[in-house]
$ cat final-v8.csv   # CSV, C-alpha atoms
chain,number,residue,atom,x,y,z
L,1,MET,CA,6.2,119.2,158.5
L,2,ALA,CA,6.0,119.6,154.7
L,3,GLN,CA,7.1,116.6,152.6
L,4,SER,CA,8.8,116.4,149.3
L,5,PRO,CA,6.7,115.4,146.3
L,6,PRO,CA,6.6,111.6,145.6
L,7,VAL,CA,8.8,109.9,143.1
L,8,GLU,CA,7.0,109.6,139.8
L,9,SER,CA,5.2,106.3,139.5
L,10,ARG,CA,6.6,105.5,136.0
L,11,ILE,CA,10.3,104.9,136.5
L,12,PRO,CA,12.4,103.2,133.8
L,13,ALA,CA,14.1,99.9,134.5
L,14,LEU,CA,17.7,99.8,135.5
L,15,PRO,CA,20.1,100.1,132.6
L,16,THR,CA,22.2,97.0,132.0
L,17,PHE,CA,25.5,97.0,134.0
L,18,SER,CA,28.0,94.2,133.7
L,19,LEU,CA,28.5,92.5,137.1
L,20,GLY,CA,30.0,89.1,136.7
L,21,THR,CA,28.8,85.6,137.8
L,22,ALA,CA,28.5,84.1,141.2
L,23,ALA,CA,30.0,81.2,143.0
L,24,GLY,CA,27.5,79.1,145.0
L,25,LEU,CA,27.8,79.1,148.8
L,26,PRO,CA,26.3,77.0,151.7
L,27,PRO,CA,23.1,78.5,153.0
L,28,ARG,CA,24.5,79.7,156.3
L,29,PHE,CA,27.8,80.1,158.2
L,30,PRO,CA,28.1,79.9,162.0
L,31,VAL,CA,28.2,83.4,163.5
L,32,ASP,CA,31.5,82.7,165.3
L,33,ARG,CA,33.3,82.1,161.9
L,34,MET,CA,32.2,85.3,160.2
L,35,SER,CA,34.6,88.2,160.3
L,36,PRO,CA,36.1,90.7,157.8
L,37,SER,CA,39.1,88.5,157.4
L,38,GLU,CA,37.1,85.6,156.0
L,39,THR,CA,37.7,84.8,152.4
L,40,THR,CA,34.2,83.6,151.5
L,41,PRO,CA,33.8,83.5,147.7
L,42,GLN,CA,31.7,86.1,145.9
L,43,ALA,CA,30.9,86.8,142.3
L,44,THR,CA,34.4,87.0,140.7
L,45,ALA,CA,34.3,85.4,137.3
L,46,VAL,CA,35.1,88.6,135.4
L,47,ILE,CA,36.4,92.0,136.2
L,48,PRO,CA,33.4,94.4,136.0
L,49,TRP,CA,34.6,97.9,135.4
L,50,ILE,CA,31.7,99.3,137.3
L,51,GLY,CA,33.2,97.8,140.4
L,52,VAL,CA,36.8,99.1,140.0
L,53,ALA,CA,37.8,102.4,141.6
L,54,ARG,CA,39.2,105.2,139.5
L,55,ALA,CA,42.8,104.6,140.7
L,56,GLY,CA,42.5,100.9,139.7
L,57,LEU,CA,41.3,101.8,136.3
L,58,GLU,CA,44.2,104.3,135.9
L,59,ALA,CA,46.7,101.7,137.0
L,60,ARG,CA,45.3,99.1,134.6
L,61,MET,CA,45.2,101.4,131.6
L,62,THR,CA,48.7,102.9,132.2
L,63,ALA,CA,50.1,99.4,132.5
L,64,ASP,CA,48.6,98.7,129.1
L,65,GLY,CA,50.2,101.9,127.7
L,66,LEU,CA,47.2,104.2,127.7
L,67,SER,CA,47.0,107.6,129.2
L,68,ALA,CA,45.3,107.9,132.6
L,69,THR,CA,42.9,110.4,130.9
L,70,HIS,CA,41.1,107.5,129.2
L,71,ALA,CA,40.5,105.9,132.7
L,72,GLN,CA,39.0,109.1,133.9
L,73,THR,CA,36.8,109.2,130.9
L,74,LEU,CA,35.6,105.7,131.4
L,75,PHE,CA,35.0,106.3,135.1
L,76,ARG,CA,32.9,109.5,134.3
L,77,LEU,CA,30.9,107.7,131.7
L,78,LEU,CA,30.1,104.8,134.0
L,79,HIS,CA,29.4,106.7,137.2
L,80,ARG,CA,28.4,110.3,136.4
L,81,GLU,CA,26.7,109.8,133.1
L,82,LEU,CA,25.5,106.3,134.1
L,83,MET,CA,26.0,104.9,130.6
L,84,PRO,CA,25.3,101.2,130.4
L,85,ASP,CA,27.7,100.9,127.4
L,86,PRO,CA,30.6,103.4,127.3
L,87,LEU,CA,31.4,102.3,123.8
L,88,ALA,CA,28.2,104.1,122.7
L,89,SER,CA,29.6,107.5,123.8
L,90,PRO,CA,31.5,109.8,121.4
L,91,ASP,CA,33.7,110.6,124.4
L,92,ALA,CA,35.2,107.1,124.1
L,93,LEU,CA,38.2,107.9,121.9
L,94,PRO,CA,39.7,105.2,119.7
L,95,PRO,CA,42.4,104.1,122.2
L,96,LEU,CA,39.8,103.6,124.9
L,97,ARG,CA,37.4,102.0,122.5
L,98,ARG,CA,40.1,99.5,121.3
L,99,TRP,CA,41.1,98.8,124.9
L,100,LEU,CA,37.5,98.1,126.0
L,101,GLU,CA,37.0,95.8,123.0
L,102,ALA,CA,40.2,93.9,123.7
L,103,ARG,CA,40.1,93.8,127.5
L,104,GLY,CA,36.4,94.3,128.2
L,105,GLU,CA,34.2,92.3,130.4
L,106,GLY,CA,33.8,89.2,128.3
L,107,GLY,CA,30.1,89.7,127.5
L,108,ARG,CA,27.5,91.9,129.2
L,109,ARG,CA,25.3,90.2,131.8
L,110,GLY,CA,22.8,92.7,133.2
L,111,VAL,CA,20.9,93.5,136.3
L,112,ASP,CA,17.1,93.5,135.8
L,113,VAL,CA,14.3,95.0,137.8
L,114,ALA,CA,12.3,91.9,138.8
L,115,SER,CA,9.7,94.0,140.4
L,116,GLU,CA,9.1,97.4,141.9
L,117,ILE,CA,6.4,98.6,144.3
L,118,ALA,CA,5.5,102.0,145.7
L,119,SER,CA,4.3,102.5,149.3
L,120,ALA,CA,1.0,104.2,150.0
L,121,ASP,CA,3.0,107.0,151.7
L,122,GLY,CA,4.0,108.2,148.1
L,123,LEU,CA,7.6,108.6,149.2
L,124,THR,CA,9.0,105.1,149.4
L,125,ARG,CA,9.7,102.7,146.5
L,126,LYS,CA,11.2,99.2,146.8
L,127,TYR,CA,13.0,97.4,144.0
L,128,LEU,CA,13.6,93.7,143.6
L,129,LEU,CA,16.8,93.6,141.5
L,130,ARG,CA,17.9,90.4,139.7
L,131,LEU,CA,21.6,89.8,139.5
L,132,SER,CA,23.5,88.0,136.8
L,133,ASP,CA,23.3,84.6,138.5
L,134,GLY,CA,19.5,84.8,139.0
L,135,GLN,CA,19.9,85.8,142.7
L,136,THR,CA,17.7,88.8,143.8
L,137,ILE,CA,18.2,91.5,146.3
L,138,GLU,CA,16.1,94.4,147.5
L,139,THR,CA,16.9,98.1,147.4
L,140,VAL,CA,14.8,101.0,148.8
L,141,LEU,CA,14.5,104.6,147.7
L,142,MET,CA,13.0,107.0,150.3
L,143,GLY,CA,12.0,110.6,149.7
L,144,PHE,CA,12.2,113.2,152.4
L,145,THR,CA,11.8,117.0,152.3
L,146,GLY,CA,14.4,118.3,149.8
L,147,ARG,CA,16.4,115.0,149.6
L,148,HIS,CA,16.4,111.3,148.8
L,149,THR,CA,18.0,108.4,150.6
L,150,ALA,CA,18.8,105.0,149.2
L,151,CYS,CA,19.0,101.9,151.4
L,152,VAL,CA,21.2,99.3,149.6
L,153,SER,CA,22.1,95.7,150.2
L,154,THR,CA,25.6,94.3,150.7
L,155,GLN,CA,24.9,90.6,150.7
L,156,ALA,CA,22.2,88.2,149.4
L,157,GLY,CA,20.8,87.0,152.6
L,158,CYS,CA,22.6,87.4,155.9
L,159,ALA,CA,24.4,85.0,158.3
L,160,MET,CA,23.7,87.0,161.5
L,161,GLY,CA,20.4,85.5,162.2
L,162,CYS,CA,18.7,88.4,164.0
L,163,VAL,CA,15.4,86.9,165.0
L,164,PHE,CA,13.2,89.9,164.1
L,165,CYS,CA,14.9,90.5,160.7
L,166,ALA,CA,13.4,89.0,157.5
L,167,THR,CA,16.9,88.9,155.9
L,168,GLY,CA,18.3,87.1,158.9
L,169,GLN,CA,15.5,84.7,158.8
L,170,MET,CA,16.3,83.7,155.2
L,171,GLY,CA,19.9,82.8,155.9
L,172,PHE,CA,23.1,83.6,154.0
L,173,VAL,CA,23.5,83.0,150.2
L,174,ARG,CA,26.6,85.0,149.1
L,175,HIS,CA,28.4,88.4,149.3
L,176,LEU,CA,27.7,91.0,146.7
L,177,THR,CA,30.6,92.3,144.6
L,178,ALA,CA,31.5,96.0,144.7
L,179,GLY,CA,29.9,96.4,141.3
L,180,GLU,CA,26.6,94.9,142.5
L,181,ILE,CA,26.6,97.4,145.4
L,182,VAL,CA,27.4,100.3,143.1
L,183,ALA,CA,24.7,99.2,140.6
L,184,GLN,CA,22.0,99.6,143.2
L,185,VAL,CA,22.9,103.3,143.6
L,186,HIS,CA,23.1,103.7,139.8
L,187,HIS,CA,19.6,102.4,139.6
L,188,VAL,CA,18.1,104.8,142.1
L,189,GLN,CA,20.1,107.6,140.6
L,190,SER,CA,18.8,106.9,137.1
L,191,ALA,CA,15.2,106.6,138.5
L,192,LEU,CA,15.5,110.0,140.2
L,193,ARG,CA,16.8,111.6,137.1
L,194,ALA,CA,14.1,110.1,134.9
L,195,ALA,CA,11.5,111.4,137.3
L,196,GLY,CA,13.0,114.9,137.3
L,197,GLN,CA,14.1,114.7,140.9
L,198,ARG,CA,17.3,115.9,142.5
L,199,ASP,CA,20.2,113.4,142.6
L,200,LEU,CA,20.6,111.1,145.5
L,201,ARG,CA,22.0,112.8,148.6
L,202,ASN,CA,22.2,110.1,151.3
L,203,LEU,CA,23.1,106.4,151.3
L,204,VAL,CA,22.6,103.9,154.1
L,205,LEU,CA,24.0,100.4,154.0
L,206,MET,CA,21.1,99.0,155.9
L,207,GLY,CA,19.6,96.7,153.4
L,208,MET,CA,20.1,92.9,153.1
L,209,GLY,CA,23.3,91.6,154.7
L,210,GLU,CA,26.0,92.6,157.2
L,211,PRO,CA,28.3,95.2,155.5
L,212,LEU,CA,31.3,94.5,157.8
L,213,ASN,CA,31.4,90.8,156.8
L,214,ASN,CA,31.8,92.0,153.2
L,215,TYR,CA,34.3,94.6,154.2
L,216,ASP,CA,36.6,94.9,151.1
L,217,ALA,CA,33.8,95.0,148.6
L,218,VAL,CA,31.9,97.5,150.6
L,219,MET,CA,34.8,99.9,151.0
L,220,THR,CA,35.7,99.6,147.3
L,221,ALA,CA,32.1,100.4,146.4
L,222,LEU,CA,32.1,103.4,148.7
L,223,GLU,CA,35.4,104.7,147.3
L,224,ILE,CA,33.7,104.6,143.9
L,225,LEU,CA,30.4,106.2,145.0
L,226,CYS,CA,32.2,109.0,146.9
L,227,ASP,CA,34.6,109.8,144.1
L,228,THR,CA,34.0,113.4,143.0
L,229,CYS,CA,34.3,112.3,139.3
L,230,GLY,CA,31.4,110.0,139.7
L,231,VAL,CA,28.2,109.9,141.8
L,232,ASN,CA,30.0,112.2,144.3
L,233,LEU,CA,28.3,111.2,147.5
L,234,GLY,CA,29.7,113.0,150.5
L,235,PRO,CA,31.3,110.4,152.9
L,236,SER,CA,29.5,112.0,155.8
L,237,ARG,CA,26.2,111.2,154.1
L,238,VAL,CA,27.0,107.5,153.9
L,239,THR,CA,26.1,105.3,156.9
L,240,ILE,CA,27.3,101.8,157.4
L,241,SER,CA,25.1,99.6,159.7
L,242,THR,CA,26.4,96.6,161.6
L,243,VAL,CA,25.1,94.2,164.2
L,244,GLY,CA,28.4,94.7,166.0
L,245,VAL,CA,31.1,92.9,164.1
L,246,VAL,CA,34.0,94.0,166.3
L,247,PRO,CA,36.9,93.2,163.9
L,248,GLY,CA,35.2,95.3,161.3
L,249,ILE,CA,34.6,98.2,163.6
L,250,ARG,CA,38.2,98.1,164.8
L,251,ARG,CA,39.4,98.0,161.2
L,252,MET,CA,37.3,101.0,160.3
L,253,ALA,CA,38.9,102.8,163.3
L,254,ARG,CA,42.4,101.8,162.3
L,255,GLU,CA,42.0,102.8,158.7
L,256,ARG,CA,40.2,106.0,159.8
L,257,ARG,CA,37.3,105.4,157.4
L,258,PRO,CA,35.3,108.6,157.0
L,259,TYR,CA,31.8,107.0,157.0
L,260,PRO,CA,29.4,107.2,160.0
L,261,LEU,CA,28.7,103.9,161.7
L,262,ALA,CA,25.4,102.6,163.0
L,263,VAL,CA,25.6,99.8,165.6
L,264,SER,CA,22.6,97.6,166.4
L,265,LEU,CA,22.3,97.0,170.2
L,266,HIS,CA,18.6,96.1,170.9
L,267,GLY,CA,19.5,94.7,174.3
L,268,SER,CA,21.1,96.2,177.4
L,269,THR,CA,22.5,92.9,178.8
L,270,ASP,CA,24.4,90.2,176.9
L,271,GLU,CA,21.6,87.7,177.6
L,272,GLU,CA,18.9,90.0,176.4
L,273,ARG,CA,20.9,91.0,173.3
L,274,SER,CA,21.9,87.5,172.3
L,275,ALA,CA,18.3,86.4,172.4
L,276,LEU,CA,17.6,88.8,169.6
L,277,ILE,CA,21.0,89.0,167.9
L,278,PRO,CA,23.0,85.7,167.9
L,279,ALA,CA,26.2,87.7,167.1
L,280,GLY,CA,26.0,89.0,170.7
L,281,ARG,CA,27.4,85.6,171.8
L,282,ARG,CA,30.4,86.1,169.6
L,283,TRP,CA,31.0,89.7,170.6
L,284,PRO,CA,29.7,90.6,174.0
L,285,LEU,CA,28.7,94.1,175.0
L,286,THR,CA,31.9,94.9,176.8
L,287,GLU,CA,34.0,94.1,173.8
L,288,LEU,CA,31.6,95.8,171.4
L,289,LEU,CA,31.4,99.0,173.3
L,290,ASP,CA,35.2,99.1,173.7
L,291,ALA,CA,35.5,98.9,169.9
L,292,CYS,CA,32.9,101.7,169.6
L,293,ARG,CA,35.0,103.9,171.9
L,294,ASP,CA,38.1,103.2,169.8
L,295,TYR,CA,36.1,104.1,166.6
L,296,THR,CA,34.9,107.5,168.0
L,297,GLU,CA,38.3,108.4,169.3
L,298,SER,CA,40.1,107.4,166.1
L,299,THR,CA,37.7,109.0,163.6
L,300,GLY,CA,36.0,111.8,165.5
L,301,HIS,CA,32.6,110.5,164.5
L,302,LEU,CA,29.9,109.7,167.0
L,303,ILE,CA,28.2,106.3,167.0
L,304,PHE,CA,24.6,105.9,165.9
L,305,VAL,CA,23.0,103.2,168.1
L,306,GLU,CA,20.1,101.4,166.5
L,307,TRP,CA,17.5,100.1,169.0
L,308,THR,CA,14.4,98.3,167.7
L,309,LEU,CA,11.6,98.8,170.3
L,310,ILE,CA,9.8,95.5,170.9
L,311,ALA,CA,6.9,95.5,173.3
L,312,GLY,CA,7.7,93.7,176.6
L,313,ARG,CA,11.2,92.7,175.4
L,314,ASN,CA,13.4,95.8,175.5
L,315,ASP,CA,11.2,98.8,175.9
L,316,THR,CA,10.8,99.5,179.6
L,317,GLU,CA,12.2,102.3,181.7
L,318,GLU,CA,14.7,99.9,183.2
L,319,HIS,CA,16.0,99.0,179.8
L,320,ALA,CA,16.4,102.6,178.9
L,321,THR,CA,18.2,103.3,182.2
L,322,ARG,CA,20.7,100.4,181.5
L,323,LEU,CA,21.2,101.6,177.9
L,324,GLY,CA,22.0,105.1,179.1
L,325,ALA,CA,24.6,103.7,181.5
L,326,LEU,CA,26.1,101.6,178.7
L,327,LEU,CA,26.6,104.6,176.5
L,328,ARG,CA,28.0,106.9,179.1
L,329,GLY,CA,31.2,108.4,177.8
L,330,ILE,CA,30.7,107.2,174.2
L,331,PRO,CA,29.7,110.0,171.8
L,332,SER,CA,26.5,108.5,170.4
L,333,HIS,CA,23.0,109.1,169.2
L,334,VAL,CA,20.2,106.5,169.6
L,335,ASN,CA,17.8,105.8,166.8
L,336,LEU,CA,14.6,104.3,168.3
L,337,ILE,CA,12.9,102.1,165.7
L,338,PRO,CA,9.5,100.6,166.5
L,339,LEU,CA,9.5,96.9,165.4
L,340,ASN,CA,8.4,96.3,161.9
L,341,PRO,CA,6.5,93.0,161.4
L,342,THR,CA,8.0,89.9,159.8
L,343,GLN,CA,6.4,86.5,159.3
L,344,ALA,CA,8.8,84.5,161.5
L,345,PHE,CA,8.8,86.8,164.6
L,346,GLU,CA,5.8,87.1,166.9
L,347,GLY,CA,6.9,90.3,168.7
L,348,THR,CA,5.0,93.6,168.4
L,349,ALA,CA,6.0,97.2,168.2
L,350,THR,CA,6.2,99.3,171.3
L,351,ALA,CA,3.3,101.6,171.8
L,352,ARG,CA,4.0,105.3,171.1
L,353,ASP,CA,3.6,106.4,174.8
L,354,ALA,CA,6.0,103.7,176.0
L,355,ALA,CA,8.5,104.7,173.2
L,356,GLN,CA,8.3,108.4,174.3
L,357,THR,CA,8.9,107.3,177.9
L,358,PHE,CA,11.9,105.3,176.8
L,359,GLN,CA,13.2,108.4,175.0
L,360,ARG,CA,12.6,110.6,178.0
L,361,VAL,CA,14.7,108.3,180.2
L,362,LEU,CA,17.6,108.5,177.7
L,363,ARG,CA,17.3,112.3,177.6
L,364,GLU,CA,17.5,112.5,181.4
L,365,ALA,CA,20.6,110.4,181.2
L,366,GLY,CA,22.2,112.9,178.7
L,367,ILE,CA,21.8,110.5,175.7
L,368,PRO,CA,20.3,112.2,172.5
L,369,SER,CA,17.8,110.1,170.6
L,370,THR,CA,15.4,110.2,167.7
L,371,LEU,CA,12.1,108.2,167.5
L,372,ARG,CA,12.4,107.1,163.9
L,373,GLN,CA,9.5,107.5,161.4
L,374,ARG,CA,8.2,104.2,160.0
L,375,ARG,CA,8.4,104.2,156.2
L,376,GLY,CA,7.2,101.7,153.6
L,377,ILE,CA,5.8,99.2,156.0
L,378,ASP,CA,2.9,98.4,153.7
L,379,VAL,CA,5.3,97.1,151.1
L,380,ALA,CA,7.7,95.4,153.5
L,381,ALA,CA,10.3,98.1,152.8
L,382,GLY,CA,11.0,99.1,156.4
L,383,CYS,CA,13.9,98.3,158.6
L,384,GLY,CA,14.3,94.5,159.0
L,385,GLN,CA,11.7,93.7,156.4
L,386,LEU,CA,13.9,93.2,153.2
L,387,ARG,CA,14.0,89.6,151.9
L,388,SER,CA,15.1,88.2,148.6
L,389,GLN,CA,12.5,86.1,146.7
L,390,THR,CA,15.2,83.9,145.1
L,391,THR,CA,18.0,82.3,147.1
L,392,THR,CA,19.6,79.9,144.7
L,393,SER,CA,21.0,80.4,141.2
$ encode --input "final-v8.csv" --output "C-alpha cells"
Amino acid sequence: MAQSPPVESRIPALPTFSLGTAAGLPPRFPVDRMSPSETTPQATAVIPWIGVARAGLEARMTADGLSATHAQTLFRLLHRELMPDPLASPDALPPLRRWLEARGEGGRRGVDVASEIASADGLTRKYLLRLSDGQTIETVLMGFTGRHTACVSTQAGCAMGCVFCATGQMGFVRHLTAGEIVAQVHHVQSALRAAGQRDLRNLVLMGMGEPLNNYDAVMTALEILCDTCGVNLGPSRVTISTVGVVPGIRRMARERRPYPLAVSLHGSTDEERSALIPAGRRWPLTELLDACRDYTESTGHLIFVEWTLIAGRNDTEEHATRLGALLRGIPSHVNLIPLNPTQAFEGTATARDAAQTFQRVLREAGIPSTLRQRRGIDVAAGCGQLRSQTTTS
C-alpha cells in the first residue's frame, strides 16, 4: 500500500502558548481512589485563554461589557491562526487589545520543545514538550496515506500502573490542564503547516495518562479542538482511550459524548487482566462490560477494544475464544497490538502467525478486528512506550 510522504525533517519549534503553573502532587495514587469525581489539583495558577472554550470566552467578555464578536476573534486567532500572541494581530481591535492587556494571563510562560526525534519509518515523529513548571510530556505525530494523526497526553505520568506500559511504570505526577492538552495539538498542527502538509485529521488520546481520570480538562480541550471556528477536528475522528475507568465511561454515556471510545482489556478473565492492569481489581470485567454496553446503547458508537498481544500471556486460541464470548452482543472492534518493548517488562510480542490465528478465532466468533501496524518503535513512540524524562518541577 502506498504511503504518504514523510513529514519534513526541519520542523520549527512550538510557538509560545501561555499555560499556567502547576501544583505538586504525590508520585502516585492508589487505583481504587482514582475516578472522574476526584478533585486532584492541576495547573491552575492563572486562566490560560488557550484552555477556555469559545462559549466561556464569550461569557467572560460580555460580562466585562465587550461584544461577543471580540471573543470569536480571540478564539480564531488562538486556535485557527495559531498565533502565540493575539496582541500582535491587526484583527485585535482596540477593545479586545485593552481587555487582553487588563485581564490577560499575568505573564507568558511558554511550552518548549525539549527534543524531537524522527523514526526510521519516515512517517513518525515524537516530541518531548516542556511545560511551564519544567515537567515534560511526550506527543507523537504519525503520517498515513493522505492523513496525519496526533497522539497526545492527558496527564504527566499515570496512576494506573499497567505493567507493560512505560508511562504506568513511571507513576503519576499531575493532570494536564485543558490548555496543555490543546497546546500539543497546536504544536503538531504548526509543524504540519510549516512542512507544507495537510492539517491534522485524526486525534487519539492515547499518550501519557488516563484521560477519564482527567475528565473535565479532557472534555474542555476536546470542545475547543472540535469547534468549527478553531482547529475544527471532527468529533468522530477523536478517540479517547481508557484502561476501563467505569465511572468515566458511564459519564460519557450519560452526557452522550460524541467521541469514539477505546477500552483496554488485554485479559479475558479478571485474574488474567488484573495481572497486567491493576485497575482490573477496581473495576472487574462484568462491571466494565456492562458500562460498555450502556455506552454503545446511549451514544450509538461501537467500542474499540485494545488488546496488547503478549507471547504466552494472552495470545492463545483459548484467550481469543474467551474474548469473543465476552464481546458477544456488544458492538465492538478489536485492535490487536503486538507488545512494544519497555525496560521494566520482560514480556515479548506475539509472533505474527500466532497473532493471525488469534484474529481468525475472533473472526469465526463474529468479532471484527485489525492487527495494528507497529509505528515508531525505534524511537520509543509506539503504544505503551511514552515516558517523561522529567517527573518533578
$ residues_near_point --input "final-v8.csv" --point "(45.0, 107.8, 141.9)" --cutoff "12 Å" --atoms "all atoms listed in the file" --output "PDB file with C-alpha atoms, keeping the file's coordinate frame"
ATOM      1  CA  ALA L  53      37.800 102.400 141.600  1.00  0.00           C
ATOM      2  CA  ARG L  54      39.200 105.200 139.500  1.00  0.00           C
ATOM      3  CA  ALA L  55      42.800 104.600 140.700  1.00  0.00           C
ATOM      4  CA  GLY L  56      42.500 100.900 139.700  1.00  0.00           C
ATOM      5  CA  LEU L  57      41.300 101.800 136.300  1.00  0.00           C
ATOM      6  CA  GLU L  58      44.200 104.300 135.900  1.00  0.00           C
ATOM      7  CA  ALA L  59      46.700 101.700 137.000  1.00  0.00           C
ATOM      8  CA  ARG L  60      45.300  99.100 134.600  1.00  0.00           C
ATOM      9  CA  THR L  62      48.700 102.900 132.200  1.00  0.00           C
ATOM     10  CA  ALA L  68      45.300 107.900 132.600  1.00  0.00           C
ATOM     11  CA  THR L  69      42.900 110.400 130.900  1.00  0.00           C
ATOM     12  CA  ALA L  71      40.500 105.900 132.700  1.00  0.00           C
ATOM     13  CA  GLN L  72      39.000 109.100 133.900  1.00  0.00           C
ATOM     14  CA  GLU L 223      35.400 104.700 147.300  1.00  0.00           C
ATOM     15  CA  ILE L 224      33.700 104.600 143.900  1.00  0.00           C
ATOM     16  CA  ASP L 227      34.600 109.800 144.100  1.00  0.00           C
ATOM     17  CA  CYS L 229      34.300 112.300 139.300  1.00  0.00           C
TER      18      CYS L 229
END
$ atom_distance --input "final-v8.csv" --atom1 "atom CA of L:Pro258" --atom2 "atom CA of L:Ser236"
6.8 Å
$ residues_around --input "final-v8.csv" --residues "L:Glu272" --least-positions-apart "3" --cutoff "12 Å" --atoms "only C-alpha atoms" --output "ChimeraX atom specification"
/L:265-269,275-278,280-281,284-285,310,312-315,319,322-323
$ closest_residue --input "final-v8.csv" --among "L:Trp283, L:Trp99, L:Phe75, L:Trp307" --to "L:Val245" --atoms "all atoms listed in the file"
L:Trp283
$ closest_residue --input "final-v8.csv" --among "L:Val173, L:Ile181, L:Cys165, L:Ala195" --to "L:Ala150" --atoms "only C-alpha atoms"
L:Ile181
$ closest_residue --input "final-v8.csv" --among "L:Ile249, L:Ala351, L:Ile367, L:Val188" --to "L:Ala325" --atoms "all atoms listed in the file"
L:Ile367
$ atom_distance --input "final-v8.csv" --atom1 "atom CA of L:Ile50" --atom2 "atom CA of L:Gln184"
11.4 Å
$ closest_residue --input "final-v8.csv" --among "L:Leu309, L:Ile137, L:Ala291, L:Val361" --to "L:Ile330" --atoms "all atoms listed in the file"
L:Ala291
$ closest_residue --input "final-v8.csv" --among "L:Gly230, L:His187, L:Leu326, L:Tyr295" --to "L:Val246" --atoms "only C-alpha atoms"
L:Tyr295
$ atom_distance --input "final-v8.csv" --atom1 "atom CA of L:Phe172" --atom2 "atom CA of L:Val152"
16.4 Å
$ residues_around --input "final-v8.csv" --residues "L:Gly244" --least-positions-apart "2" --cutoff "12 Å" --atoms "all atoms listed in the file" --output "ChimeraX atom specification"
/L:31,34-36,160,162,210-213,240-242,246-250,261-266,273-274,277-292,303-306
